[in-house]
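Participant: Please see the structure below; I have some questions.
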Amino acid sequence: MPSKSFHRTDRVSAQLRRELGTLVHEAVREHNLPSVSVSDVEVTRDLAHAKVFVTALQAERSVEAVKALKELSRELRFQLGRAMKLRHVPELHFHYDDSVDRGERIEHLLRDAASAEAGDDSAPAADEDGQGKDTP
C-alpha cells in the first residue's frame with residue numbers, strides 16, 4: 001500500500017482555513033458584514049500567496065462581503081501572523097466560492113425535471129382515438 005504524502009502547502013492551507021475561519025467570523029461580527037464563512041484556502045508553493053474562498057449566507061450580498069474582506073486583508077494577515085508559527089504569512093486574496101450556489105441551482109433544476117417527469121407520467125395516455133386508456 002503506497003503511503004500518502006502530505007505536502008507542506010496542504011498542511012499550511014488546512015491550518016490557514018481553520019485560523020481564517022475564526023478570524024473572518026470575528027471580523028463579520030465586529031464590522032457588521034454580511035455573514036460569510038471560509039470554504040477553502042489554496043496556498044502557492046512558495047507560501048507567498050493564499051487564495052481564500054468564502055461562501056456567503058446571502059448570495060446577493062457576496063460582492064459586498066468579499067470587498068470588505070479585501071479591505072480587511074492586511075489586518076487579518078497581521079492577526080494570522082500572531083496566531084500561526086510561520087516565518088512568512090502569505091498575502092491573502094479573497095474570492096467568492098460560488099460552488100454552493102451552483103450546487104443549489106443544479107439541485108433545483110433536477111428537482112424541477114423530476115417533478116415535470118412525474119407530472120407527465122400521472123397524465124393518462126391517449127389511445128388512437130384520442131381517449132384515455134381508462135375510458136371504455
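Just so we're on the same page: first chain in the C-alpha cells is A, next is B, and so on; residues restart at 1 for each chain, and ligands are numbered from 1 in the order they show up.
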DSSP on the backbone: which residues in stretch 4-104 of chain A end up as alpha helix (DSSP H)? Give the answer as a count of residues only.

Facilitator: 50

Participant: Do you know which residues are at most 12 Å from A:Glu60 counting only C-alpha atoms, after dropping those on the same chain fewer than 6 positions away, and could you put them as a JSON list (two decimals) with all heavy atoms, in the first residue's frame?

Facilitator:
```json
[["chain", "number", "residue", "atom", "x", "y", "z"],
["A", 34, "PRO", "N", -21.93, 41.16, 5.97],
["A", 34, "PRO", "CA", -22.80, 40.03, 5.65],
["A", 34, "PRO", "C", -22.13, 38.73, 6.10],
["A", 34, "PRO", "O", -20.91, 38.61, 6.04],
["A", 34, "PRO", "CB", -22.92, 40.08, 4.13],
["A", 34, "PRO", "CG", -22.52, 41.45, 3.74],
["A", 34, "PRO", "CD", -21.58, 41.94, 4.79],
["A", 35, "SER", "N", -22.91, 37.79, 6.54],
["A", 35, "SER", "CA", -22.39, 36.54, 7.08],
["A", 35, "SER", "C", -21.68, 35.73, 5.99],
["A", 35, "SER", "O", -22.27, 35.40, 4.97],
["A", 35, "SER", "CB", -23.52, 35.72, 7.68],
["A", 35, "SER", "OG", -23.02, 34.55, 8.25],
["A", 36, "VAL", "N", -20.41, 35.42, 6.22],
["A", 36, "VAL", "CA", -19.61, 34.61, 5.31],
["A", 36, "VAL", "C", -18.84, 33.58, 6.10],
["A", 36, "VAL", "O", -18.62, 33.73, 7.30],
["A", 36, "VAL", "CB", -18.61, 35.45, 4.47],
["A", 36, "VAL", "CG1", -19.32, 36.38, 3.53],
["A", 36, "VAL", "CG2", -17.66, 36.21, 5.35],
["A", 66, "VAL", "N", -17.07, 40.22, 0.05],
["A", 66, "VAL", "CA", -15.71, 40.00, -0.46],
["A", 66, "VAL", "C", -14.95, 41.31, -0.52],
["A", 66, "VAL", "O", -13.75, 41.37, -0.17],
["A", 66, "VAL", "CB", -15.75, 39.30, -1.84],
["A", 66, "VAL", "CG1", -14.38, 39.27, -2.48],
["A", 66, "VAL", "CG2", -16.30, 37.89, -1.70],
["A", 96, "TYR", "N", -14.96, 34.85, -3.99],
["A", 96, "TYR", "CA", -16.25, 34.25, -3.66],
["A", 96, "TYR", "C", -16.32, 32.85, -4.25],
["A", 96, "TYR", "O", -16.00, 32.63, -5.42],
["A", 96, "TYR", "CB", -17.41, 35.10, -4.18],
["A", 96, "TYR", "CG", -18.75, 34.53, -3.82],
["A", 96, "TYR", "CD1", -19.15, 34.47, -2.50],
["A", 96, "TYR", "CD2", -19.59, 34.02, -4.79],
["A", 96, "TYR", "CE1", -20.37, 33.92, -2.14],
["A", 96, "TYR", "CE2", -20.82, 33.48, -4.45],
["A", 96, "TYR", "CZ", -21.20, 33.44, -3.13],
["A", 96, "TYR", "OH", -22.41, 32.88, -2.78],
["A", 98, "ASP", "N", -18.57, 30.20, -5.53],
["A", 98, "ASP", "CA", -19.96, 30.04, -5.98],
["A", 98, "ASP", "C", -20.34, 28.58, -6.17],
["A", 98, "ASP", "O", -21.41, 28.29, -6.70],
["A", 98, "ASP", "CB", -20.20, 30.82, -7.27],
["A", 98, "ASP", "CG", -19.38, 30.32, -8.44],
["A", 98, "ASP", "OD1", -18.42, 29.57, -8.20],
["A", 98, "ASP", "OD2", -19.70, 30.69, -9.58],
["A", 101, "ASP", "N", -23.69, 27.82, -4.57],
["A", 101, "ASP", "CA", -24.79, 28.37, -5.37],
["A", 101, "ASP", "C", -25.06, 27.52, -6.60],
["A", 101, "ASP", "O", -26.21, 27.24, -6.94],
["A", 101, "ASP", "CB", -24.48, 29.81, -5.80],
["A", 101, "ASP", "CG", -24.32, 30.75, -4.63],
["A", 101, "ASP", "OD1", -24.84, 30.44, -3.54],
["A", 101, "ASP", "OD2", -23.66, 31.80, -4.80]]
```

Participant: What gap, in Å, lies between atom CA of A:Val12 and atom CA of A:Arg87?

Facilitator: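 Atom CA of A:Arg87 lies at a distance of 12.0 Å from atom CA of A:Val12.
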
Participant: Counting only C-alpha atoms, which of A:Arg11, A:His93, A:His31, A:Arg111 gets nearest to A:Lys70?

Facilitator: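 Among A:Arg11, A:His93, A:His31, A:Arg111, it is A:His93 that comes nearest to A:Lys70.
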
Participant: Just the residues within 10 Å of A:Val100, please, counting only C-alpha atoms, with nothing from its chain fewer than 5 positions along; format it as a list in words.

Facilitator: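 These residues fall inside the cut-off: Ser39, Thr55, Ala56, Ala59, Arg105 and Ile106 of chain A.
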
Participant: With N, CA, C and O atoms retained, export the selected residues as a compact mmCIF listing (two decimals), in the first residue's frame.

Facilitator:
```txt
# COMPACT_ATOMS: atom_id res chain seq x y z
N SER A 39 -14.53 28.63 2.99
CA SER A 39 -14.78 27.28 2.48
C SER A 39 -13.49 26.56 2.10
O SER A 39 -13.39 25.35 2.24
N THR A 55 -17.88 31.61 1.23
CA THR A 55 -19.27 31.48 0.81
C THR A 55 -20.10 32.41 1.67
O THR A 55 -19.80 32.62 2.84
N ALA A 56 -21.12 32.98 1.09
CA ALA A 56 -21.98 33.92 1.79
C ALA A 56 -23.34 33.28 2.06
O ALA A 56 -23.85 32.52 1.23
N ALA A 59 -26.33 35.17 -0.95
CA ALA A 59 -25.54 35.26 -2.19
C ALA A 59 -25.60 36.65 -2.81
O ALA A 59 -24.62 37.09 -3.42
N ARG A 105 -28.42 25.38 -7.52
CA ARG A 105 -29.10 25.59 -8.80
C ARG A 105 -29.29 24.27 -9.53
O ARG A 105 -30.37 23.98 -10.07
N ILE A 106 -28.26 23.43 -9.54
CA ILE A 106 -28.35 22.12 -10.19
C ILE A 106 -29.40 21.26 -9.49
O ILE A 106 -30.21 20.60 -10.13
```

Participant: Could you list, as JSON, numbers by chain, every residue within 12 Å of A:Arg18, counting only C-alpha atoms and ignoring same-chain residues fewer than 2 positions away?

Facilitator: {"A": [11, 12, 13, 14, 15, 16, 20, 21, 22, 23, 24, 25, 37, 38, 39, 40, 41, 52, 80, 83, 84]}

Participant: Can I get the selection written as a compact mmCIF listing (two decimals), in the first residue's frame, with all heavy atoms?

Facilitator:
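Just written: part.txt:
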```
# COMPACT_ATOMS: atom_id res chain seq x y z
N ARG A 11 -0.73 21.21 4.42
CA ARG A 11 -0.84 21.40 5.87
C ARG A 11 -1.04 22.87 6.21
O ARG A 11 -1.86 23.23 7.06
CB ARG A 11 0.40 20.85 6.58
CG ARG A 11 0.53 19.34 6.49
CD ARG A 11 1.62 18.82 7.41
NE ARG A 11 2.90 19.48 7.26
CZ ARG A 11 3.89 19.07 6.47
NH1 ARG A 11 3.72 17.99 5.73
NH2 ARG A 11 5.03 19.72 6.41
N VAL A 12 -0.29 23.75 5.54
CA VAL A 12 -0.41 25.19 5.80
C VAL A 12 -1.79 25.67 5.38
O VAL A 12 -2.43 26.45 6.10
CB VAL A 12 0.71 25.98 5.08
CG1 VAL A 12 0.45 27.47 5.13
CG2 VAL A 12 2.06 25.66 5.70
N SER A 13 -2.29 25.23 4.24
CA SER A 13 -3.62 25.69 3.79
C SER A 13 -4.71 25.20 4.74
O SER A 13 -5.67 25.93 5.01
CB SER A 13 -3.90 25.25 2.35
OG SER A 13 -4.00 23.86 2.25
N ALA A 14 -4.58 23.99 5.28
CA ALA A 14 -5.57 23.49 6.23
C ALA A 14 -5.54 24.32 7.51
O ALA A 14 -6.59 24.68 8.06
CB ALA A 14 -5.31 22.03 6.55
N GLN A 15 -4.35 24.65 7.99
CA GLN A 15 -4.24 25.46 9.20
C GLN A 15 -4.75 26.88 8.94
O GLN A 15 -5.44 27.47 9.78
CB GLN A 15 -2.80 25.50 9.71
CG GLN A 15 -2.67 26.18 11.05
CD GLN A 15 -1.25 26.16 11.58
OE1 GLN A 15 -0.33 25.71 10.92
NE2 GLN A 15 -1.08 26.68 12.78
N LEU A 16 -4.43 27.43 7.78
CA LEU A 16 -4.94 28.76 7.41
C LEU A 16 -6.46 28.77 7.36
O LEU A 16 -7.09 29.73 7.81
CB LEU A 16 -4.38 29.20 6.06
CG LEU A 16 -2.97 29.75 6.04
CD1 LEU A 16 -2.50 29.94 4.61
CD2 LEU A 16 -2.88 31.05 6.80
N LEU A 20 -8.34 31.26 9.69
CA LEU A 20 -9.11 32.30 9.00
C LEU A 20 -10.60 32.15 9.23
O LEU A 20 -11.32 33.16 9.26
CB LEU A 20 -8.81 32.28 7.50
CG LEU A 20 -7.56 33.02 7.08
CD1 LEU A 20 -7.24 32.74 5.62
CD2 LEU A 20 -7.68 34.50 7.33
N GLY A 21 -11.07 30.93 9.39
CA GLY A 21 -12.49 30.72 9.70
C GLY A 21 -12.87 31.47 10.97
O GLY A 21 -13.89 32.16 11.02
N THR A 22 -12.03 31.35 11.98
CA THR A 22 -12.28 32.06 13.24
C THR A 22 -12.14 33.56 13.08
O THR A 22 -13.00 34.33 13.53
CB THR A 22 -11.29 31.56 14.32
OG1 THR A 22 -11.41 30.14 14.42
CG2 THR A 22 -11.58 32.19 15.66
N LEU A 23 -11.06 33.99 12.43
CA LEU A 23 -10.81 35.43 12.27
C LEU A 23 -11.88 36.11 11.41
O LEU A 23 -12.32 37.22 11.73
CB LEU A 23 -9.43 35.66 11.66
CG LEU A 23 -8.24 35.27 12.53
CD1 LEU A 23 -6.94 35.42 11.75
CD2 LEU A 23 -8.20 36.12 13.79
N VAL A 24 -12.31 35.44 10.35
CA VAL A 24 -13.35 36.03 9.48
C VAL A 24 -14.68 36.10 10.24
O VAL A 24 -15.40 37.09 10.13
CB VAL A 24 -13.48 35.22 8.17
CG1 VAL A 24 -14.75 35.56 7.42
CG2 VAL A 24 -12.27 35.45 7.28
N HIS A 25 -14.97 35.07 11.02
CA HIS A 25 -16.20 35.09 11.82
C HIS A 25 -16.20 36.28 12.78
O HIS A 25 -17.21 36.98 12.92
CB HIS A 25 -16.34 33.77 12.58
CG HIS A 25 -17.58 33.68 13.41
ND1 HIS A 25 -18.82 33.55 12.86
CD2 HIS A 25 -17.76 33.73 14.76
CE1 HIS A 25 -19.73 33.52 13.82
NE2 HIS A 25 -19.11 33.62 14.98
N SER A 37 -18.44 32.53 5.41
CA SER A 37 -17.58 31.53 6.04
C SER A 37 -16.50 31.12 5.04
O SER A 37 -16.69 31.18 3.83
CB SER A 37 -18.38 30.31 6.48
OG SER A 37 -18.98 29.70 5.37
N VAL A 38 -15.36 30.70 5.56
CA VAL A 38 -14.23 30.30 4.72
C VAL A 38 -14.47 28.86 4.30
O VAL A 38 -14.62 27.97 5.12
CB VAL A 38 -12.91 30.43 5.50
CG1 VAL A 38 -11.75 29.92 4.67
CG2 VAL A 38 -12.67 31.87 5.92
N SER A 39 -14.53 28.63 2.99
CA SER A 39 -14.78 27.28 2.48
C SER A 39 -13.49 26.56 2.10
O SER A 39 -13.39 25.35 2.24
CB SER A 39 -15.73 27.31 1.30
OG SER A 39 -15.18 28.07 0.25
N ASP A 40 -12.48 27.30 1.62
CA ASP A 40 -11.23 26.67 1.21
C ASP A 40 -10.13 27.70 1.14
O ASP A 40 -10.38 28.90 0.99
CB ASP A 40 -11.40 26.00 -0.16
CG ASP A 40 -10.28 25.02 -0.48
OD1 ASP A 40 -9.60 24.56 0.46
OD2 ASP A 40 -10.09 24.72 -1.67
N VAL A 41 -8.89 27.23 1.26
CA VAL A 41 -7.71 28.07 1.12
C VAL A 41 -6.72 27.33 0.25
O VAL A 41 -6.42 26.16 0.50
CB VAL A 41 -7.07 28.41 2.49
CG1 VAL A 41 -5.80 29.23 2.31
CG2 VAL A 41 -8.04 29.15 3.38
N VAL A 52 -8.21 32.73 -0.67
CA VAL A 52 -9.17 32.37 0.36
C VAL A 52 -10.55 32.41 -0.26
O VAL A 52 -11.01 33.46 -0.71
CB VAL A 52 -9.09 33.36 1.56
CG1 VAL A 52 -10.06 32.94 2.64
CG2 VAL A 52 -7.67 33.44 2.09
N LEU A 80 -3.14 36.71 11.67
CA LEU A 80 -2.67 35.37 11.34
C LEU A 80 -1.21 35.18 11.77
O LEU A 80 -0.84 34.13 12.28
CB LEU A 80 -2.76 35.11 9.84
CG LEU A 80 -4.03 34.50 9.30
CD1 LEU A 80 -3.94 34.38 7.79
CD2 LEU A 80 -4.31 33.16 9.92
N ALA A 83 -1.14 34.38 15.29
CA ALA A 83 -1.77 33.12 15.67
C ALA A 83 -0.99 31.90 15.18
O ALA A 83 -1.05 30.84 15.81
CB ALA A 83 -3.19 33.06 15.11
N MET A 84 -0.26 32.03 14.08
CA MET A 84 0.44 30.89 13.48
C MET A 84 1.94 31.07 13.58
O MET A 84 2.44 32.19 13.61
CB MET A 84 0.05 30.75 12.00
CG MET A 84 -1.39 30.39 11.79
SD MET A 84 -1.82 30.28 10.05
CE MET A 84 -0.84 28.93 9.51
```

Participant: Would you list, as a list of chain:residue names, the residues of chain A that end up in strand (DSSP E or B) under DSSP run on this structure's backbone?

Facilitator: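 Restricting chain A to strand (DSSP E or B) produces A:Val36, A:Ser37, A:Val38, A:Ser39, A:Asp40, A:Val41, A:Glu42, A:Val43, A:His49, A:Ala50, A:Lys51, A:Val52, A:Phe53, A:Val54, A:Thr55, A:Ala56, A:Glu91, A:Leu92, A:His93, A:Phe94, A:His95, A:Tyr96, A:Ala126, A:Gly132.
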